[in-house]
Every structure is written in C-alpha cells, then in structure tokens.
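Undergrad: Below are the structure tokens for one structure; questions will follow.
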Amino acid sequence: NSVRDPEELEKHLVRVVDQGYAIDRQEFSEGVNCVSAPVFSSEGKVVASLTISSPTARFVRNEDFLISTTVQTAANASKMLGGFKSKHD
C-alpha cells in the first residue's frame with residue numbers, strides 16, 4: 001500500500017494537500033486505518049495534525065464520517081490558534 005515511486009509520491013502529496021487530509025490504509029499497522037488533517041497556525045503553517053485511528057472494518061463502514069469529523073475538528077483547532085481558515089473550511 002505504501003507509495004514508493006518518487007513521482008507517485010509527489011502526485012499523492014498533491015492530492016493530500018488538495019483534499020485537506022491523508023489516509024493510512026494499513027500502511028503502518030495491519031488491521032488499522034487512520035485519517036489525519038493538519039492544524040494551522042495564524043500564519044498558515046502546519047503546527048500539528050489531528051489523527052483518528054480505527055480498526056479497518058470499522059473505518060471502512062464509517063469512512064466519510066471519520067474524514068469529515070477529522071477535517072472539521074482540525075479546522076476548529078486551527079481557528080483557536082488564530083483564525084486561519086483552510087480552503088476546506
């Protein structure tokens with residue numbers, strides 16, 4: 001599942017930035033999926049990330065909810081750090 005080709009990695013990272021979150025589909029640990037979204041400072045720099053990890057079966061059943069909740073919560077944390085709004089806000 002891990003992206004190993006440099007060109008594919010670059011494409012993947014562009015997609016992550018565009019969508020505002022990243023998903024780990026059992027890349028780090030078998031049977032576990034994760035979604036992460038950045039937390040921005042008031043200067044627009046990433047200062048943290050918010051991540052939800054879940055057993056794969058539960059993640060797949062609730063993927064849309066987990067993604068939207070993670071992205072929204074990270075956006076709320078960003079606002080608390082100075083009101084920076086991401087394009088996904």
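Lettering and numbering for the structure tokens are positional, with chains as A, B, ... in the shown order, residues counted from 1 in each chain, and ligands counted from 1 in the shown order.
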Show which residues sit within 9 Å of region 22-29 of chain A, as a PDB file with all heavy atoms, in the first residue's frame. Count only C-alpha atoms, and ignore same-chain residues fewer than 4 positions away.

TA:
```pdb
ATOM      1  N   ASN A   1       0.800  -1.211   0.000  1.00  0.00           N
ATOM      2  CA  ASN A   1       0.000   0.000   0.000  1.00  0.00           C
ATOM      3  C   ASN A   1       0.839   1.270   0.000  1.00  0.00           C
ATOM      4  O   ASN A   1       0.369   2.298  -0.408  1.00  0.00           O
ATOM      5  CB  ASN A   1      -0.920   0.026   1.214  1.00  0.00           C
ATOM      6  CG  ASN A   1      -2.048  -0.982   1.109  1.00  0.00           C
ATOM      7  OD1 ASN A   1      -2.346  -1.501   0.050  1.00  0.00           O
ATOM      8  ND2 ASN A   1      -2.669  -1.265   2.231  1.00  0.00           N
ATOM      9  N   SER A   2       2.047   1.212   0.513  1.00  0.00           N
ATOM     10  CA  SER A   2       2.876   2.407   0.591  1.00  0.00           C
ATOM     11  C   SER A   2       3.346   2.835  -0.787  1.00  0.00           C
ATOM     12  O   SER A   2       3.660   2.008  -1.635  1.00  0.00           O
ATOM     13  CB  SER A   2       4.104   2.152   1.473  1.00  0.00           C
ATOM     14  OG  SER A   2       3.717   1.917   2.798  1.00  0.00           O
ATOM     15  N   LEU A  13       1.049  13.373  -2.659  1.00  0.00           N
ATOM     16  CA  LEU A  13       1.131  14.514  -1.747  1.00  0.00           C
ATOM     17  C   LEU A  13       0.327  15.709  -2.253  1.00  0.00           C
ATOM     18  O   LEU A  13      -0.304  16.418  -1.457  1.00  0.00           O
ATOM     19  CB  LEU A  13       2.593  14.902  -1.510  1.00  0.00           C
ATOM     20  CG  LEU A  13       3.406  13.865  -0.740  1.00  0.00           C
ATOM     21  CD1 LEU A  13       4.864  14.284  -0.682  1.00  0.00           C
ATOM     22  CD2 LEU A  13       2.842  13.638   0.653  1.00  0.00           C
ATOM     23  N   ARG A  15      -2.400  15.457  -4.003  1.00  0.00           N
ATOM     24  CA  ARG A  15      -3.786  15.069  -3.729  1.00  0.00           C
ATOM     25  C   ARG A  15      -4.124  15.273  -2.246  1.00  0.00           C
ATOM     26  O   ARG A  15      -5.189  15.780  -1.904  1.00  0.00           O
ATOM     27  CB  ARG A  15      -4.040  13.625  -4.152  1.00  0.00           C
ATOM     28  CG  ARG A  15      -5.482  13.205  -4.018  1.00  0.00           C
ATOM     29  CD  ARG A  15      -5.796  11.845  -4.658  1.00  0.00           C
ATOM     30  NE  ARG A  15      -4.991  10.762  -4.120  1.00  0.00           N
ATOM     31  CZ  ARG A  15      -4.032  10.106  -4.784  1.00  0.00           C
ATOM     32  NH1 ARG A  15      -3.741  10.426  -6.033  1.00  0.00           N
ATOM     33  NH2 ARG A  15      -3.371   9.128  -4.214  1.00  0.00           N
ATOM     34  N   VAL A  16      -3.199  14.922  -1.358  1.00  0.00           N
ATOM     35  CA  VAL A  16      -3.412  15.110   0.084  1.00  0.00           C
ATOM     36  C   VAL A  16      -3.623  16.590   0.394  1.00  0.00           C
ATOM     37  O   VAL A  16      -4.549  16.960   1.122  1.00  0.00           O
ATOM     38  CB  VAL A  16      -2.229  14.531   0.899  1.00  0.00           C
ATOM     39  CG1 VAL A  16      -2.265  15.010   2.333  1.00  0.00           C
ATOM     40  CG2 VAL A  16      -2.247  13.006   0.842  1.00  0.00           C
ATOM     41  N   VAL A  17      -2.783  17.441  -0.155  1.00  0.00           N
ATOM     42  CA  VAL A  17      -2.918  18.882   0.075  1.00  0.00           C
ATOM     43  C   VAL A  17      -4.256  19.373  -0.477  1.00  0.00           C
ATOM     44  O   VAL A  17      -4.980  20.122   0.191  1.00  0.00           O
ATOM     45  CB  VAL A  17      -1.739  19.661  -0.548  1.00  0.00           C
ATOM     46  CG1 VAL A  17      -2.001  21.156  -0.524  1.00  0.00           C
ATOM     47  CG2 VAL A  17      -0.449  19.324   0.180  1.00  0.00           C
ATOM     48  N   ASN A  33      -6.679   1.486  10.093  1.00  0.00           N
ATOM     49  CA  ASN A  33      -6.719   2.598   9.154  1.00  0.00           C
ATOM     50  C   ASN A  33      -6.736   3.897   9.948  1.00  0.00           C
ATOM     51  O   ASN A  33      -7.219   3.929  11.081  1.00  0.00           O
ATOM     52  CB  ASN A  33      -7.965   2.544   8.277  1.00  0.00           C
ATOM     53  CG  ASN A  33      -7.879   1.501   7.192  1.00  0.00           C
ATOM     54  OD1 ASN A  33      -7.137   0.536   7.299  1.00  0.00           O
ATOM     55  ND2 ASN A  33      -8.661   1.666   6.138  1.00  0.00           N
ATOM     56  N   CYS A  34      -6.219   4.968   9.334  1.00  0.00           N
ATOM     57  CA  CYS A  34      -6.150   6.268  10.002  1.00  0.00           C
ATOM     58  C   CYS A  34      -6.498   7.369   9.009  1.00  0.00           C
ATOM     59  O   CYS A  34      -6.272   7.225   7.812  1.00  0.00           O
ATOM     60  CB  CYS A  34      -4.745   6.543  10.527  1.00  0.00           C
ATOM     61  SG  CYS A  34      -4.028   5.213  11.487  1.00  0.00           S
ATOM     62  N   VAL A  35      -6.992   8.462   9.540  1.00  0.00           N
ATOM     63  CA  VAL A  35      -7.166   9.684   8.755  1.00  0.00           C
ATOM     64  C   VAL A  35      -6.559  10.816   9.567  1.00  0.00           C
ATOM     65  O   VAL A  35      -6.723  10.872  10.787  1.00  0.00           O
ATOM     66  CB  VAL A  35      -8.651   9.960   8.395  1.00  0.00           C
ATOM     67  CG1 VAL A  35      -9.517  10.079   9.627  1.00  0.00           C
ATOM     68  CG2 VAL A  35      -8.775  11.200   7.522  1.00  0.00           C
ATOM     69  N   SER A  36      -5.810  11.697   8.889  1.00  0.00           N
ATOM     70  CA  SER A  36      -5.148  12.830   9.547  1.00  0.00           C
ATOM     71  C   SER A  36      -5.432  14.112   8.786  1.00  0.00           C
ATOM     72  O   SER A  36      -5.502  14.104   7.554  1.00  0.00           O
ATOM     73  CB  SER A  36      -3.633  12.633   9.581  1.00  0.00           C
ATOM     74  OG  SER A  36      -3.290  11.534  10.367  1.00  0.00           O
ATOM     75  N   ALA A  37      -5.578  15.200   9.539  1.00  0.00           N
ATOM     76  CA  ALA A  37      -5.772  16.516   8.935  1.00  0.00           C
ATOM     77  C   ALA A  37      -4.870  17.508   9.657  1.00  0.00           C
ATOM     78  O   ALA A  37      -4.639  17.386  10.866  1.00  0.00           O
ATOM     79  CB  ALA A  37      -7.233  16.947   9.051  1.00  0.00           C
ATOM     80  N   SER A  53      -7.484   6.913  14.463  1.00  0.00           N
ATOM     81  CA  SER A  53      -7.123   5.544  14.070  1.00  0.00           C
ATOM     82  C   SER A  53      -8.272   4.623  14.455  1.00  0.00           C
ATOM     83  O   SER A  53      -8.895   4.812  15.496  1.00  0.00           O
ATOM     84  CB  SER A  53      -5.855   5.085  14.789  1.00  0.00           C
ATOM     85  OG  SER A  53      -4.782   5.929  14.461  1.00  0.00           O
ATOM     86  N   THR A  56      -9.730  -1.500  10.760  1.00  0.00           N
ATOM     87  CA  THR A  56     -10.079  -1.337   9.349  1.00  0.00           C
ATOM     88  C   THR A  56     -11.563  -1.534   9.072  1.00  0.00           C
ATOM     89  O   THR A  56     -12.183  -0.729   8.371  1.00  0.00           O
ATOM     90  CB  THR A  56      -9.231  -2.296   8.488  1.00  0.00           C
ATOM     91  OG1 THR A  56      -7.863  -1.936   8.651  1.00  0.00           O
ATOM     92  CG2 THR A  56      -9.604  -2.221   7.023  1.00  0.00           C
ATOM     93  N   ILE A  67     -13.650  11.003   8.146  1.00  0.00           N
ATOM     94  CA  ILE A  67     -12.915  12.031   7.400  1.00  0.00           C
ATOM     95  C   ILE A  67     -13.479  13.407   7.708  1.00  0.00           C
ATOM     96  O   ILE A  67     -12.737  14.334   8.063  1.00  0.00           O
ATOM     97  CB  ILE A  67     -12.943  11.747   5.885  1.00  0.00           C
ATOM     98  CG1 ILE A  67     -12.114  10.512   5.570  1.00  0.00           C
ATOM     99  CG2 ILE A  67     -12.452  12.962   5.100  1.00  0.00           C
ATOM    100  CD1 ILE A  67     -12.280  10.001   4.146  1.00  0.00           C
TER     101      ILE A  67
END
```

Undergrad: Closest to Thr70 (chain A) among A:Pro38, A:Gly44, A:Pro6, A:Gly31, using only C-alpha atoms?

TA: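 Ranking A:Pro38, A:Gly44, A:Pro6, A:Gly31 by distance to Thr70 (chain A), first place goes to A:Pro38.
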
Undergrad: According to DSSP computed on the backbone, where in chain A is there strand (DSSP E or B)? Give the residues as an NGL selection string.

TA: :A and (22-25 or 32-40 or 46-55)

Undergrad: Select, from A:Phe65, A:Tyr21, A:Val14, A:Glu7, the residue with the minimum atom-to-atom distance to Thr51 (chain A), counting only C-alpha atoms.

TA: A:Tyr21

Undergrad: Have a look at CA of Ala75 (chain A) and CA of Glu30 (chain A) and let me know their distance in Å, one decimal.

TA: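 Taking CA of Ala75 (chain A) and CA of Glu30 (chain A), their separation equals 28.8 Å.
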
Undergrad: Could you tell me, as a PyMOL selection string, which residues of chain A DSSP assigns to alpha helix (DSSP H) when given the backbone?

TA: chain A and resi 6-19+56-61+63-80

Undergrad: Within 7 Å of Ser41 (chain A), counting only C-alpha atoms, which residues qualify if same-chain residues fewer than 4 places away don't, as a ChimeraX atom specification?

TA: /A:45-47,78,81-82,84
